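Asker: File my_file.csv below, CSV, C-alpha atoms:
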chain,number,residue,atom,x,y,z
U,288,MET,CA,114.7,88.8,73.8
U,289,ILE,CA,113.4,92.1,75.2
U,290,THR,CA,115.5,93.9,77.8
U,291,ILE,CA,114.0,95.7,80.8
U,292,LYS,CA,116.0,98.0,83.1
U,293,THR,CA,114.7,99.1,86.5
U,294,PRO,CA,116.4,101.5,88.8
U,295,ALA,CA,117.2,101.4,92.5
U,296,THR,CA,115.2,103.7,94.7
U,297,SER,CA,115.8,105.4,98.0
U,298,ALA,CA,112.6,105.9,100.0
U,299,ASN,CA,111.7,108.3,102.8
U,300,VAL,CA,114.5,110.9,102.0
U,301,GLY,CA,114.5,111.8,105.7
U,302,PRO,CA,111.1,113.0,106.9
U,303,GLY,CA,109.0,111.6,103.9
U,304,PHE,CA,108.2,108.3,105.7
U,305,ASP,CA,106.4,106.0,103.3
U,306,THR,CA,105.9,109.0,101.0
U,307,LEU,CA,109.0,110.3,99.2
U,308,GLY,CA,111.1,108.2,96.9
U,309,LEU,CA,114.0,108.9,94.7
U,310,ALA,CA,115.3,106.9,91.6
U,311,VAL,CA,119.1,106.5,91.6
U,312,SER,CA,121.5,105.1,89.1
U,313,LEU,CA,122.0,101.5,90.2
U,314,PHE,CA,120.0,99.0,88.1
U,315,ASN,CA,118.6,95.5,87.7
U,316,THR,CA,118.3,94.4,84.1
U,317,PHE,CA,116.2,91.5,82.8
U,318,ASP,CA,116.4,89.8,79.4
U,319,VAL,CA,113.0,88.2,78.8
U,320,GLU,CA,111.1,86.1,76.2
U,321,GLU,CA,108.0,84.0,76.2
U,322,SER,CA,108.4,80.4,77.3
U,323,LYS,CA,106.3,77.2,77.7
U,324,GLU,CA,107.2,77.2,81.4
U,325,ASP,CA,108.8,79.7,83.8
U,326,ARG,CA,112.5,79.7,83.8
U,327,LEU,CA,114.9,82.1,85.6
U,328,GLU,CA,118.6,82.3,84.9
U,329,ASN,CA,121.4,83.9,86.9
U,330,VAL,CA,119.3,83.9,90.1
U,331,GLU,CA,120.5,83.0,93.6
U,332,ASP,CA,119.1,79.6,94.7
U,333,ARG,CA,117.1,81.2,97.6
U,334,PHE,CA,115.2,83.3,95.0
U,335,ASN,CA,114.9,80.8,92.2
U,336,ASN,CA,111.4,79.5,92.9
U,337,LYS,CA,107.7,80.4,92.4
U,338,ASP,CA,107.9,83.0,95.2
U,339,ASN,CA,110.4,85.1,93.2
U,340,LEU,CA,109.1,88.7,93.2
U,341,PHE,CA,109.7,89.2,89.5
U,342,LEU,CA,107.9,86.0,88.7
U,343,LYS,CA,105.0,86.8,91.1
U,344,ALA,CA,104.6,90.2,89.5
U,345,PHE,CA,104.7,88.8,86.0
U,346,HIS,CA,101.8,86.4,86.8
U,347,ALA,CA,99.9,89.1,88.7
U,348,ALA,CA,100.0,91.2,85.5
U,349,ALA,CA,99.1,88.2,83.4
U,350,ASP,CA,96.1,87.5,85.6
U,351,TYR,CA,95.1,91.2,85.3
U,352,LEU,CA,95.3,91.0,81.5
U,353,HIS,CA,93.5,87.5,81.5
U,354,LEU,CA,96.5,85.8,79.9
U,355,ASP,CA,98.0,82.4,80.3
U,356,THR,CA,101.6,82.9,79.7
U,357,HIS,CA,105.1,82.0,81.1
U,358,VAL,CA,108.5,83.7,80.9
U,359,HIS,CA,112.2,82.9,80.5
U,360,ALA,CA,114.2,85.6,82.2
U,361,ILE,CA,117.9,86.2,82.5
U,362,PHE,CA,118.7,88.4,85.5
U,363,HIS,CA,121.6,90.9,85.7
U,364,THR,CA,121.3,92.4,89.2
U,365,GLY,CA,123.1,95.5,90.3
U,366,ILE,CA,120.8,96.4,93.3
U,367,PRO,CA,121.7,94.6,96.5
U,368,VAL,CA,118.9,92.8,98.4
U,369,SER,CA,117.6,94.0,101.8
U,370,ARG,CA,119.7,97.1,101.8
U,371,GLY,CA,117.1,99.8,101.5
U,372,LEU,CA,117.5,100.4,97.8
U,373,GLY,CA,114.2,99.2,96.5
U,374,SER,CA,115.3,95.8,95.2
U,375,SER,CA,111.8,94.4,95.7
U,376,ALA,CA,110.2,97.3,93.8
U,377,SER,CA,112.8,96.8,91.0
U,378,MET,CA,111.9,93.1,90.8
U,379,ILE,CA,108.1,93.7,90.9
U,380,THR,CA,108.3,96.5,88.3
U,381,GLY,CA,110.4,94.4,86.1
U,382,GLY,CA,108.0,91.5,86.2
U,383,ILE,CA,105.0,93.7,85.4
U,384,LEU,CA,106.8,95.3,82.5
U,385,ALA,CA,108.0,92.0,81.2
U,386,CYS,CA,104.4,90.7,81.0
U,387,ASN,CA,103.2,93.9,79.4
U,388,ALA,CA,106.0,93.9,76.8
U,389,LEU,CA,105.7,90.2,75.9
U,390,SER,CA,101.9,90.2,75.6
U,391,ASN,CA,101.7,93.4,73.5
U,392,LYS,CA,99.1,94.5,75.9
U,393,LYS,CA,99.4,98.1,77.0
U,394,LEU,CA,98.9,98.7,80.6
U,395,THR,CA,98.5,102.3,81.5
U,396,ASP,CA,101.0,104.0,83.8
U,397,GLN,CA,98.3,104.0,86.5
U,398,GLU,CA,97.6,100.3,86.1
U,399,ILE,CA,101.4,99.5,86.4
U,400,LEU,CA,101.6,101.6,89.6
U,401,GLN,CA,98.5,100.0,91.0
U,402,LEU,CA,99.8,96.5,90.4
U,403,ALA,CA,103.2,97.3,91.7
U,404,GLY,CA,101.9,99.2,94.8
U,405,THR,CA,99.5,96.4,95.6
U,406,LEU,CA,102.2,93.8,95.5
U,407,GLU,CA,104.6,95.9,97.6
U,408,GLY,CA,101.9,97.2,99.9
U,409,HIS,CA,103.1,100.8,99.6
U,410,PRO,CA,104.1,103.1,96.7
U,411,ASP,CA,107.1,105.0,97.9
U,412,ASN,CA,109.6,102.7,96.1
U,413,ALA,CA,107.4,101.6,93.3
U,414,ALA,CA,106.5,105.1,92.0
U,415,PRO,CA,110.1,106.4,91.5
U,416,CYS,CA,111.1,103.0,90.1
U,417,ILE,CA,108.4,103.3,87.4
U,418,PHE,CA,108.4,107.1,86.8
U,419,GLY,CA,111.9,108.1,87.8
U,420,GLY,CA,113.1,111.2,89.6
U,421,LEU,CA,111.7,112.3,93.0
U,422,THR,CA,108.1,111.4,93.7
U,423,ALA,CA,105.6,111.9,96.5
U,424,SER,CA,103.1,109.0,96.8
U,425,ILE,CA,100.1,108.0,98.9
U,426,LYS,CA,97.4,105.4,99.1
U,427,GLU,CA,93.9,106.8,98.9
U,428,GLY,CA,91.4,104.0,99.7
U,429,ASP,CA,92.6,101.2,97.4
U,430,THR,CA,94.2,103.6,94.8
U,431,PHE,CA,97.8,104.5,94.7
U,432,ILE,CA,98.5,108.1,93.7
U,433,THR,CA,101.9,109.7,92.9
U,434,HIS,CA,103.1,113.1,91.8
U,435,PRO,CA,106.6,114.1,90.5
U,436,LEU,CA,108.5,116.7,92.4
U,437,GLU,CA,111.1,119.0,91.0
U,438,ILE,CA,114.7,118.5,92.1
U,439,ASP,CA,117.7,120.8,91.5
U,440,PRO,CA,120.1,119.1,89.0
U,441,ASP,CA,123.2,120.2,90.9
U,442,TRP,CA,122.7,118.0,94.0
U,443,LYS,CA,125.3,115.4,94.6
U,444,PHE,CA,124.2,111.9,95.8
U,445,CYS,CA,126.2,109.0,97.2
U,446,VAL,CA,125.1,105.7,98.6
U,447,TYR,CA,127.0,103.8,101.4
U,448,ILE,CA,126.1,100.1,101.3
U,449,PRO,CA,127.1,98.1,104.4
U,450,ASP,CA,128.0,94.5,104.2
U,451,PHE,CA,125.0,93.4,106.3
U,452,GLU,CA,121.2,93.4,105.6
U,453,VAL,CA,118.4,95.0,107.6
U,454,SER,CA,115.1,93.3,106.9
U,455,THR,CA,112.1,95.6,106.2
U,456,GLN,CA,110.1,93.5,108.7
U,457,LYS,CA,112.7,94.2,111.5
U,458,ALA,CA,113.0,97.9,110.5
U,459,ARG,CA,109.3,98.3,110.8
U,460,ALA,CA,109.0,96.4,114.0
U,461,ILE,CA,111.4,98.7,115.8
U,462,LEU,CA,109.2,101.8,115.2
U,463,PRO,CA,106.7,103.0,117.9
U,464,ASP,CA,103.1,102.2,117.4
U,465,SER,CA,102.2,105.9,117.9
U,466,TYR,CA,103.8,109.3,118.1
U,467,PRO,CA,103.0,112.5,120.2
U,468,ARG,CA,101.2,115.2,118.3
U,469,ALA,CA,104.2,117.5,118.4
U,470,VAL,CA,106.4,114.9,116.7
U,471,ALA,CA,103.9,114.4,113.9
U,472,ALA,CA,103.4,118.1,113.4
U,473,GLY,CA,107.2,118.7,113.4
U,474,ASN,CA,107.9,116.0,110.9
U,475,GLY,CA,105.2,117.4,108.6
U,476,ALA,CA,107.0,120.8,108.6
U,477,ARG,CA,110.3,119.1,108.0
U,478,LEU,CA,108.9,117.3,104.9
U,479,LEU,CA,108.0,120.7,103.5
U,480,TYR,CA,111.5,122.0,104.2
U,481,MET,CA,113.0,118.9,102.5
U,482,SER,CA,110.9,119.0,99.4
U,483,GLU,CA,111.4,122.8,98.9
U,484,GLY,CA,115.1,122.6,99.6
U,485,LEU,CA,115.6,119.8,97.1
U,486,ARG,CA,113.6,121.8,94.5
U,487,THR,CA,115.5,125.1,95.0
U,488,GLY,CA,119.0,123.8,95.9
U,489,ASP,CA,118.9,125.4,99.3
U,490,MET,CA,121.1,123.3,101.6
U,491,LYS,CA,119.8,125.2,104.7
U,492,LEU,CA,116.3,124.0,104.0
U,493,VAL,CA,117.4,120.4,103.3
U,494,ARG,CA,119.4,120.4,106.5
U,495,LEU,CA,116.3,121.5,108.5
U,496,GLY,CA,114.2,118.9,106.7
U,497,ALA,CA,116.7,116.1,107.4
U,498,LYS,CA,116.0,116.0,111.1
U,499,ASP,CA,113.4,113.2,110.9
U,500,ALA,CA,111.8,112.0,114.2
U,501,ILE,CA,109.6,109.2,112.8
U,502,HIS,CA,112.0,106.5,111.8
U,503,GLU,CA,115.7,107.4,111.7
U,504,PRO,CA,116.2,107.7,115.5
U,505,TYR,CA,115.1,104.1,115.8
U,506,ARG,CA,116.4,102.5,112.7
U,507,LYS,CA,119.9,103.9,113.0
U,508,THR,CA,120.4,101.5,116.0
U,509,LEU,CA,120.2,98.7,113.4
U,510,ILE,CA,123.1,100.2,111.4
U,511,THR,CA,126.4,99.6,113.1
U,512,GLY,CA,128.7,102.6,112.4
U,513,PHE,CA,125.9,105.0,111.3
U,514,ASP,CA,126.8,107.9,113.6
U,515,GLU,CA,130.5,107.7,112.6
U,516,VAL,CA,129.8,107.5,108.9
U,517,LYS,CA,127.4,110.4,109.3
U,518,GLU,CA,130.0,112.6,111.0
U,519,ILE,CA,132.7,111.8,108.4
U,520,VAL,CA,130.4,112.4,105.4
U,521,GLU,CA,128.7,115.5,106.7
U,522,ASN,CA,132.0,117.2,107.8
U,523,ASP,CA,133.5,116.5,104.4
U,524,THR,CA,130.6,117.4,102.1
U,525,GLY,CA,128.8,120.0,104.1
U,526,GLY,CA,125.6,118.0,103.3
U,527,ILE,CA,123.5,115.4,105.1
U,528,LEU,CA,123.4,111.7,105.5
U,529,LEU,CA,120.1,109.8,105.7
U,530,ILE,CA,119.0,106.2,106.0
U,531,SER,CA,117.9,104.9,102.6
U,532,GLY,CA,114.5,103.3,103.0
U,533,SER,CA,114.6,100.9,105.9
U,534,GLY,CA,118.4,100.6,105.7
U,535,SER,CA,121.0,99.3,105.9
U,536,THR,CA,122.2,101.6,103.1
U,537,CYS,CA,122.7,105.3,103.8
U,538,ILE,CA,122.5,108.1,101.2
U,539,SER,CA,124.1,111.5,101.3
U,540,ILE,CA,122.8,114.7,99.7
U,541,SER,CA,125.2,117.6,99.3
U,542,ARG,CA,126.3,120.4,97.0
U,543,LYS,CA,129.8,118.9,96.5
U,544,GLU,CA,131.2,115.4,95.9
U,545,LEU,CA,132.6,113.3,98.7
U,546,SER,CA,136.3,113.8,98.6
U,547,LYS,CA,138.8,111.1,97.8
U,548,GLU,CA,140.3,111.5,101.3
U,549,ALA,CA,137.0,111.0,103.0
U,550,GLU,CA,136.2,108.0,100.9
U,551,GLU,CA,139.6,106.4,101.8
U,552,THR,CA,138.9,107.1,105.5
U,553,LEU,CA,135.5,105.4,105.2
U,554,HIS,CA,137.0,102.4,103.4
U,555,ALA,CA,139.7,102.1,106.1
U,556,LYS,CA,137.2,102.2,109.0
U,557,PHE,CA,134.4,100.2,107.3
U,558,PRO,CA,136.2,97.9,104.7
U,559,GLY,CA,133.1,95.9,104.0
U,560,TRP,CA,131.0,98.9,102.9
U,561,GLN,CA,130.6,99.8,99.2
U,562,ILE,CA,130.5,103.5,98.2
U,563,HIS,CA,128.8,104.6,95.0
U,564,LYS,CA,128.4,108.1,93.7
U,565,VAL,CA,124.9,108.0,92.0
U,566,THR,CA,122.7,110.4,90.1
U,567,VAL,CA,118.9,110.9,89.9
U,568,THR,CA,117.7,108.8,87.0
U,569,THR,CA,114.7,108.0,84.8
U,570,GLY,CA,112.2,105.3,85.6
U,571,ALA,CA,112.1,101.8,84.2
U,572,LEU,CA,113.0,101.3,80.6
U,573,VAL,CA,111.8,98.6,78.1
Take the structure in the file and write it out as structure tokens.
Answerer:
Amino acid sequence: MITIKTPATSANVGPGFDTLGLAVSLFNTFDVEESKEDRLENVEDRFNNKDNLFLKAFHAAADYLHLDTHVHAIFHTGIPVSRGLGSSASMITGGILACNALSNKKLTDQEILQLAGTLEGHPDNAAPCIFGGLTASIKEGDTFITHPLEIDPDWKFCVYIPDFEVSTQKARAILPDSYPRAVAAGNGARLLYMSEGLRTGDMKLVRLGAKDAIHEPYRKTLITGFDEVKEIVENDTGGILLISGSGSTCISISRKELSKEAEETLHAKFPGWQIHKVTVTTGALV
């Protein structure tokens, strides 16, 4: 069998709404082989059907390559679903790479991104899942474009995963249909501060960049305890706490690790939340 490993991703990174994405060290792994019929193992019943994102992506890639093929896949999932950690991008990327690997056809990186972005509808999670690191991505006409951004290696990242889901549909529905010009301009400036701060290691710039006005003020209302977690984490680390993607997961960026005392405080106040110290990681591996 061939093993495929796809990372979790944290989209937006504050002001980079639907643009910035970061690959982090939580993973889904798929052991795959060709089969006479599709067969998925170690998959929740609600996902074990023809609408499974891995399976849909596998067949989308097969159709693109003009192949008639099926897959037997064993899932080992470490990325929680509907938590803002790019689980769908991980599944979609995994399916595309599975088809590519098993068929001995060599899709280009751009073709993989195009297929994944089309299935997801946007590239902010797909790009870092495929290429790793920090990426900036856009859709230009029907074409998805991504560019790697430098990131200082000494940043410390930690994810805080609540024991409840926030659906992407609900997280998008809560946002305004339009924004005042001043809000759009201000967020553009903060995106520059964020990307430059992450590149240089300048916490002051990152802190300025973190004050998003496009999605966080609205989506934080869907995350019970967000303000309290933010206060505890930022007071302890001197860093920032952001919503990861559409939530419910939050991610901190700082120059020092979360202390054991702060972690214990968070566990006591929010016993259902998981806390994982993560690193920036490479993209999907086959």
Asker: So that I can see what lies close to region 524-537 of chain U, please list as a list in words the residues with an atom at most 6 Å from it, counting only C-alpha atoms and leaving out residues fewer than 6 positions away in the same chain.
Answerer: Ser297, Ala298, Asn299, Gly301, Arg370, Gly371, Val446, Tyr447, Ile448, Glu452, Val453, Thr455, Ala458, Ile510, Lys517, Lys543 and Leu545 of chain U
Asker: Please provide the set of residues having any atom within 12 Å of Ser424 (chain U), restricted to all atoms listed in the file, with same-chain residues fewer than 3 positions apart removed, written as a PyMOL selection string.
Answerer: chain U and resi 298-299+303-309+400-401+404+409-415+418+421+427+430-436
Asker: Give me, please, the distance in Å between CA of Gly419 (chain U) and CA of Thr568 (chain U), quoted to one decimal.
Answerer: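 Interatomic distance here is 5.9 Å.
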Asker: What's the separation between CA of Ala571 (chain U) and CA of Ala403 (chain U), in Å to one decimal place?
Answerer: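 Separation between CA of Ala571 (chain U) and CA of Ala403 (chain U): 12.5 Å.
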Asker: For a quick check of understanding, using all atoms listed in the file, which of U:Val300, U:Ser390, U:His563, U:Thr405 has the smallest distance to Gly365 (chain U)?
Answerer: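 For Gly365 (chain U), the nearest of the given residues is U:His563.
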Asker: Excluding Ala549 (chain U) and any residue of its chain fewer than 6 positions from it, enumerate the residues within 12 Å of it, using all atoms listed in the file, and give them as a compact mmCIF listing (two decimals) with C-alpha atoms, in the coordinates of the input.
Answerer:
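That gives us selection-v8.txt:
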# COMPACT_ATOMS: atom_id res chain seq x y z
CA VAL U 516 129.80 107.50 108.90
CA LYS U 517 127.40 110.40 109.30
CA GLU U 518 130.00 112.60 111.00
CA ILE U 519 132.70 111.80 108.40
CA VAL U 520 130.40 112.40 105.40
CA GLU U 521 128.70 115.50 106.70
CA ASN U 522 132.00 117.20 107.80
CA ASP U 523 133.50 116.50 104.40
CA THR U 524 130.60 117.40 102.10
CA ALA U 555 139.70 102.10 106.10
CA LYS U 556 137.20 102.20 109.00
CA PHE U 557 134.40 100.20 107.30
CA ILE U 562 130.50 103.50 98.20
Asker: Go ahead and compute the interatomic distance for CA of Asn474 (chain U) and CA of Cys416 (chain U), in Å to one decimal.
Answerer: 24.7 Å
Asker: Pull the closest atom pair for each residue of region 375-399 of chain U that gets at most 10 Å from region 318-334 of chain U, along with the distance in Å to one decimal, counting all atoms listed in the file, ordering rows by chain and then ascending residue number, as CSV.
Answerer:
residue,atom,partner,partner_atom,distance
U:Gly381,CA,U:Val319,CA,9.9
U:Gly382,CA,U:Val319,CA,9.5
U:Ala385,CA,U:Val319,CA,6.7
U:Cys386,CA,U:Glu321,CA,9.0
U:Ala388,CA,U:Val319,CA,9.2
U:Leu389,CA,U:Glu321,CA,6.6
U:Ser390,CA,U:Glu321,CA,8.7
